[in-house]
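Data block for query_33.txt (compact mmCIF, C-alpha atoms):
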# COMPACT_ATOMS: atom_id res chain seq x y z
CA MET A 1 9.52 -8.37 20.41
CA ALA A 2 12.47 -9.92 18.61
CA TRP A 3 14.14 -13.31 18.66
CA THR A 4 17.27 -13.43 20.82
CA ALA A 5 20.03 -16.02 20.95
CA PRO A 6 19.22 -18.41 23.82
CA MET A 7 21.47 -18.32 26.84
CA THR A 8 23.66 -21.31 27.60
CA ALA A 9 22.48 -23.42 30.54
CA VAL A 10 25.05 -24.12 33.23
CA ILE A 11 24.81 -27.24 35.41
CA GLY A 12 23.55 -26.37 38.86
CA GLN A 13 22.49 -22.82 37.87
CA PRO A 14 18.72 -22.32 38.02
CA TRP A 15 17.04 -20.13 35.42
CA THR A 16 15.13 -17.16 36.70
CA ALA A 17 11.59 -16.50 35.49
CA ALA A 18 12.89 -13.50 33.51
CA GLN A 19 15.56 -15.63 31.79
CA PHE A 20 13.05 -18.36 30.93
CA ASN A 21 10.56 -15.81 29.58
CA GLN A 22 13.19 -14.07 27.43
CA HIS A 23 15.05 -17.09 26.08
CA VAL A 24 12.26 -19.68 25.81
CA ARG A 25 8.77 -18.13 25.86
CA ASP A 26 9.58 -14.99 23.85
CA ASN A 27 11.62 -16.91 21.26
CA LEU A 28 8.79 -19.42 20.78
CA LEU A 29 6.43 -16.50 20.13
CA GLU A 30 8.75 -15.48 17.26
CA THR A 31 8.29 -18.81 15.43
CA MET A 32 5.70 -19.49 12.71
CA PRO A 33 3.21 -21.14 15.08
CA GLY A 34 3.63 -18.23 17.49
CA LYS A 35 2.95 -15.66 14.77
CA ALA A 36 0.13 -17.50 12.98
CA THR A 37 -3.12 -15.54 13.14
CA ALA A 38 -5.09 -17.48 10.52
CA ALA A 39 -4.95 -20.54 8.28
CA ASN A 40 -3.50 -20.47 4.74
CA ARG A 41 -0.79 -17.89 5.39
CA LEU A 42 2.87 -17.74 4.38
CA TYR A 43 5.86 -16.77 6.49
CA VAL A 44 8.83 -14.97 5.04
CA THR A 45 11.98 -13.51 6.50
CA SER A 46 11.40 -9.80 6.94
CA THR A 47 14.80 -8.92 8.42
CA THR A 48 17.67 -10.89 9.94
CA LYS A 49 16.28 -13.32 12.52
CA ALA A 50 12.68 -12.10 11.99
CA ILE A 51 9.69 -13.49 10.13
CA ALA A 52 6.47 -11.90 8.93
CA GLU A 53 3.10 -13.42 8.16
CA ARG A 54 1.79 -12.84 4.61
CA ALA A 55 -1.70 -13.49 3.25
CA PRO A 56 -1.91 -14.48 -0.44
CA ASP A 57 -5.04 -13.39 -2.26
CA SER A 58 -6.76 -13.72 -5.62
CA ALA A 59 -9.60 -12.27 -7.66
CA PHE A 60 -11.54 -13.55 -10.67
CA LEU A 61 -13.97 -11.85 -13.06
CA ALA A 62 -15.80 -14.07 -15.57
CA THR A 63 -17.59 -11.28 -17.42
CA ALA A 64 -16.18 -9.87 -20.64
CA ALA A 65 -15.09 -6.26 -21.05
CA THR A 66 -13.73 -4.45 -24.10
CA THR A 67 -11.34 -1.64 -24.92
CA THR A 68 -9.97 0.14 -27.96
CA SER A 69 -7.30 1.90 -25.88
CA THR A 70 -3.70 1.63 -27.02
CA SER A 71 -2.60 2.59 -23.48
CA TYR A 72 -3.18 0.35 -20.46
CA VAL A 73 -6.57 0.92 -18.80
CA THR A 74 -8.53 -0.78 -16.04
CA LEU A 75 -11.72 -2.48 -17.21
CA GLY A 76 -14.39 -2.29 -14.53
CA THR A 77 -12.91 -3.60 -11.30
CA GLY A 78 -9.77 -5.08 -12.85
CA PRO A 79 -9.65 -7.58 -11.17
CA ALA A 80 -7.55 -6.23 -8.31
CA VAL A 81 -6.03 -7.63 -5.12
CA THR A 82 -4.72 -5.71 -2.11
CA VAL A 83 -2.08 -7.41 0.07
CA THR A 84 0.74 -6.48 2.42
CA THR A 85 4.15 -7.25 0.92
CA GLY A 86 7.80 -6.94 1.70
CA SER A 87 10.05 -5.91 -1.18
CA THR A 88 8.90 -8.74 -3.48
CA ALA A 89 5.67 -10.32 -4.74
CA VAL A 90 4.97 -13.12 -7.20
CA VAL A 91 1.92 -12.46 -9.38
CA TRP A 92 0.13 -14.89 -11.65
CA PHE A 93 -2.39 -13.37 -14.03
CA GLY A 94 -4.33 -14.59 -17.01
CA CYS A 95 -7.39 -14.07 -19.14
CA GLN A 96 -9.23 -15.10 -22.24
CA LEU A 97 -8.68 -12.46 -24.92
CA LYS A 98 -9.34 -11.68 -28.53
CA ASN A 99 -9.08 -8.79 -30.96
CA SER A 100 -11.56 -7.69 -33.63
CA LEU A 101 -8.74 -7.41 -36.22
CA THR A 102 -6.52 -10.12 -37.70
CA ASN A 103 -2.86 -9.74 -36.63
CA ALA A 104 -3.70 -7.08 -34.04
CA GLN A 105 -2.50 -7.52 -30.48
CA ALA A 106 -4.44 -7.74 -27.22
CA MET A 107 -2.42 -7.34 -24.02
CA ALA A 108 -2.84 -7.52 -20.25
CA ALA A 109 -0.40 -6.40 -17.57
CA VAL A 110 -0.42 -5.47 -13.89
CA ALA A 111 -0.27 -2.00 -12.34
CA ILE A 112 0.73 -1.51 -8.69
CA SER A 113 -0.50 1.23 -6.37
CA GLY A 114 -0.19 1.87 -2.64
CA ALA A 115 3.19 1.74 -0.93
CA THR A 116 4.66 1.33 -4.44
CA THR A 117 3.40 2.95 -7.63
CA ARG A 118 4.24 1.17 -10.87
CA ASP A 119 2.37 1.45 -14.18
CA ALA A 120 1.39 -1.60 -16.19
CA ALA A 121 4.19 -2.22 -18.69
CA ASP A 122 4.75 -4.21 -21.87
CA ALA A 123 7.85 -5.75 -20.26
CA ASP A 124 5.53 -7.65 -17.89
CA ARG A 125 2.60 -8.24 -20.24
CA LEU A 126 0.56 -11.16 -21.36
CA LEU A 127 0.34 -10.94 -25.18
CA MET A 128 -1.98 -12.34 -27.82
CA SER A 129 -0.70 -11.53 -31.30
CA GLY A 130 -1.01 -12.57 -34.92
CA VAL A 131 -4.19 -14.61 -34.86
CA THR A 132 -7.43 -14.53 -36.81
CA ALA A 133 -9.91 -11.81 -35.85
CA ASP A 134 -12.36 -12.59 -33.05
CA LYS A 135 -10.66 -15.87 -32.10
CA ASP A 136 -10.64 -16.46 -28.33
CA ASN A 137 -7.35 -17.46 -26.71
CA ARG A 138 -6.58 -18.03 -23.06
CA PHE A 139 -3.15 -17.06 -21.73
CA GLY A 140 -1.45 -16.71 -18.37
CA VAL A 141 1.88 -15.52 -17.07
CA CYS A 142 3.77 -15.54 -13.79
CA ARG A 143 5.84 -12.46 -12.92
CA ARG A 144 8.09 -11.66 -9.95
CA PHE A 145 7.94 -7.98 -8.95
CA THR A 146 10.95 -6.77 -6.96
CA GLY A 147 11.99 -3.41 -5.51
CA LEU A 148 8.61 -2.85 -3.87
CA SER A 149 8.31 -0.53 -0.88
CA PRO A 150 7.10 -2.80 1.95
CA GLY A 151 3.47 -2.18 2.91
CA SER A 152 -0.03 -2.38 1.48
CA GLN A 153 -0.08 -2.78 -2.32
CA THR A 154 -2.94 -3.06 -4.78
CA PHE A 155 -2.21 -5.15 -7.88
CA THR A 156 -4.66 -4.34 -10.69
CA MET A 157 -4.92 -6.00 -14.10
CA GLN A 158 -5.00 -3.53 -16.98
CA TYR A 159 -5.52 -4.00 -20.72
CA ARG A 160 -4.68 -2.51 -24.10
CA VAL A 161 -4.65 -3.27 -27.83
CA SER A 162 -2.36 -2.38 -30.72
CA ALA A 163 -5.45 -1.65 -32.89
CA GLY A 164 -9.08 -2.76 -33.12
CA THR A 165 -11.23 -3.78 -30.18
CA GLY A 166 -9.92 -6.15 -27.52
CA THR A 167 -12.30 -8.35 -25.56
CA PHE A 168 -11.06 -9.69 -22.22
CA SER A 169 -12.92 -12.29 -20.13
CA ARG A 170 -12.23 -14.87 -17.42
CA ARG A 171 -9.74 -12.41 -15.93
CA GLU A 172 -7.80 -13.71 -12.93
CA ILE A 173 -4.98 -12.52 -10.68
CA VAL A 174 -3.23 -14.34 -7.82
CA VAL A 175 -0.71 -12.49 -5.63
CA LEU A 176 1.83 -14.21 -3.40
CA PRO A 177 3.32 -11.49 -1.19
CA LEU A 178 6.86 -12.06 0.03
File written out as C-alpha cells:
Amino acid sequence: MAWTAPMTAVIGQPWTAAQFNQHVRDNLLETMPGKATAANRLYVTSTTKAIAERAPDSAFLATAATTTSTSYVTLGTGPAVTVTTGSTAVVWFGCQLKNSLTNAQAMAAVAISGATTRDAADADRLLMSGVTADKDNRFGVCRRFTGLSPGSQTFTMQYRVSAGTGTFSRREIVVLPL
C-alpha cells in the first residue's frame, strides 16, 4: 500500500466507505505509528512519500585477540552486526588496541557483505600510530557509508598492523541503518 494525496471534502457530499478507507485509513497506516512493529526503531524515507522502518543494532566483544596480518582480517566473530539498510548507514566502531613494536600501527576498519560487498579500507580506518610498544589506547570513529545496495548487510570489524603484533580488545560496533 502507498500513501495517496487525500481527496478534498465537499460540503454536502458524503464520503463512501471506499473513499474513507483509501484517503484516511490507508494513509494513517503509512505513518510511523502505523508502520511500527517494535520499540526502538527508526523511520526513514525510502522513496518519495514512503517511509521504512529500520532497526539499529550493535555488538561488543570484551576479549582480546591478536594479529600480525598486514591485510585486514576478522578476529574471531568480529564483532559483526546484520541489519537491513537503504542506500546509507552510519557506523560507529571502536576498540582498545596496542602494538608490540614502538611506532608501529594498529588499525581497525569495517567490511560490508550481503546486498553490498565492500572490503575494509584504510580510508575508513581507526588508527593507532607512533606510540610506545605495548601501550593500550582506546579509539573510536564514526563513518557514514553511502552507495549501499538496499537490503540485508553485515558490517564486520576487521584488523591489521603495519608490523609487529596488534592486540585488539573491547571491540564494539553500532550500526544505524538509513
For range 39-131 of chain A against range 148-168 of chain A, with a cut-off of 9 Å and counting all atoms listed in the file, what is the closest atom pair and its distance in Å to one decimal for every residue that makes the cut, ordered by chain and number, as CSV?
residue,atom,partner,partner_atom,distance
A:Thr63,CA,A:Phe168,CA,8.3
A:Ala64,CA,A:Phe168,CA,5.4
A:Ala65,CA,A:Phe168,CA,5.4
A:Thr66,CA,A:Thr167,CA,4.4
A:Thr67,CA,A:Gly166,CA,5.4
A:Thr68,CA,A:Thr165,CA,4.7
A:Ser69,CA,A:Arg160,CA,5.4
A:Thr70,CA,A:Val161,CA,5.1
A:Ser71,CA,A:Arg160,CA,5.5
A:Tyr72,CA,A:Arg160,CA,4.9
A:Val73,CA,A:Gln158,CA,5.1
A:Thr74,CA,A:Gln158,CA,4.6
A:Leu75,CA,A:Gln158,CA,6.8
A:Thr77,CA,A:Thr156,CA,8.3
A:Gly78,CA,A:Met157,CA,5.1
A:Pro79,CA,A:Met157,CA,5.8
A:Ala80,CA,A:Thr156,CA,4.2
A:Val81,CA,A:Phe155,CA,5.3
A:Thr82,CA,A:Thr154,CA,4.2
A:Val83,CA,A:Gln153,CA,5.6
A:Thr84,CA,A:Ser152,CA,4.3
A:Thr85,CA,A:Pro150,CA,5.4
A:Gly86,CA,A:Pro150,CA,4.2
A:Ser87,CA,A:Leu148,CA,4.3
A:Thr88,CA,A:Leu148,CA,5.9
A:Ala89,CA,A:Leu148,CA,8.1
A:Val91,CA,A:Phe155,CA,8.5
A:Phe93,CA,A:Met157,CA,7.8
A:Cys95,CA,A:Phe168,CA,6.5
A:Gln96,CA,A:Phe168,CA,5.7
A:Leu97,CA,A:Phe168,CA,4.5
A:Lys98,CA,A:Thr167,CA,5.4
A:Asn99,CA,A:Gly166,CA,4.4
A:Ser100,CA,A:Thr165,CA,5.2
A:Leu101,CA,A:Gly164,CA,5.6
A:Ala104,CA,A:Ala163,CA,5.8
A:Gln105,CA,A:Ser162,CA,5.1
A:Ala106,CA,A:Val161,CA,4.5
A:Met107,CA,A:Arg160,CA,5.3
A:Ala108,CA,A:Tyr159,CA,4.4
A:Ala109,CA,A:Gln158,CA,5.5
A:Val110,CA,A:Met157,CA,4.5
A:Ala111,CA,A:Thr156,CA,5.2
A:Ile112,CA,A:Phe155,CA,4.7
A:Ser113,CA,A:Thr154,CA,5.2
A:Gly114,CA,A:Gln153,CA,4.7
A:Ala115,CA,A:Gly151,CA,5.5
A:Thr116,CA,A:Ser149,CA,5.4
A:Thr117,CA,A:Gln153,CA,8.6
A:Ala120,CA,A:Gln158,CA,6.7
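Note that CA of Leu42 in chain A and CA of Arg144 in chain A are 16.4 Å apart.
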Can you work out which one of A:Ser169, A:Ser46, A:Asn103, A:Asn27 has the shortest atom-to-atom distance to Gly130 in chain A, counting only C-alpha atoms? A:Asn103
Range 30-38 of chain A: which residues within 7 Å, counting all atoms listed in the file, same-chain residues fewer than 5 positions away excluded, as a list in words? Ala2, Trp3, Tyr43 and Glu53 of chain A
Suppose we keep C-alpha atoms; can you now write the selection as a PDB file, in the frame of the given file?
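Ended up saving to out.pdb:
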ATOM      1  CA  ALA A   2      12.470  -9.920  18.610  1.00  0.00           C
ATOM      2  CA  TRP A   3      14.140 -13.310  18.660  1.00  0.00           C
ATOM      3  CA  TYR A  43       5.860 -16.770   6.490  1.00  0.00           C
ATOM      4  CA  GLU A  53       3.100 -13.420   8.160  1.00  0.00           C
TER       5      GLU A  53
END
Nearest residue to Ile51 in chain A from the set A:Val24, A:Val174, A:Leu29, A:Met128 (distances using only C-alpha atoms):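 Going through A:Val24, A:Val174, A:Leu29, A:Met128 one by one, the smallest distance to Ile51 in chain A is for A:Leu29.
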One decimal, in Å: what's the spacing between CA of Phe60 in chain A and CA of Arg118 in chain A?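 Taking CA of Phe60 in chain A as the start and CA of Arg118 in chain A as the end point, the length is 21.6 Å.
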So how many Å separate CA of Ser58 in chain A and CA of Val44 in chain A, to one decimal?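 Going from CA of Ser58 in chain A over to CA of Val44 in chain A covers 18.9 Å.
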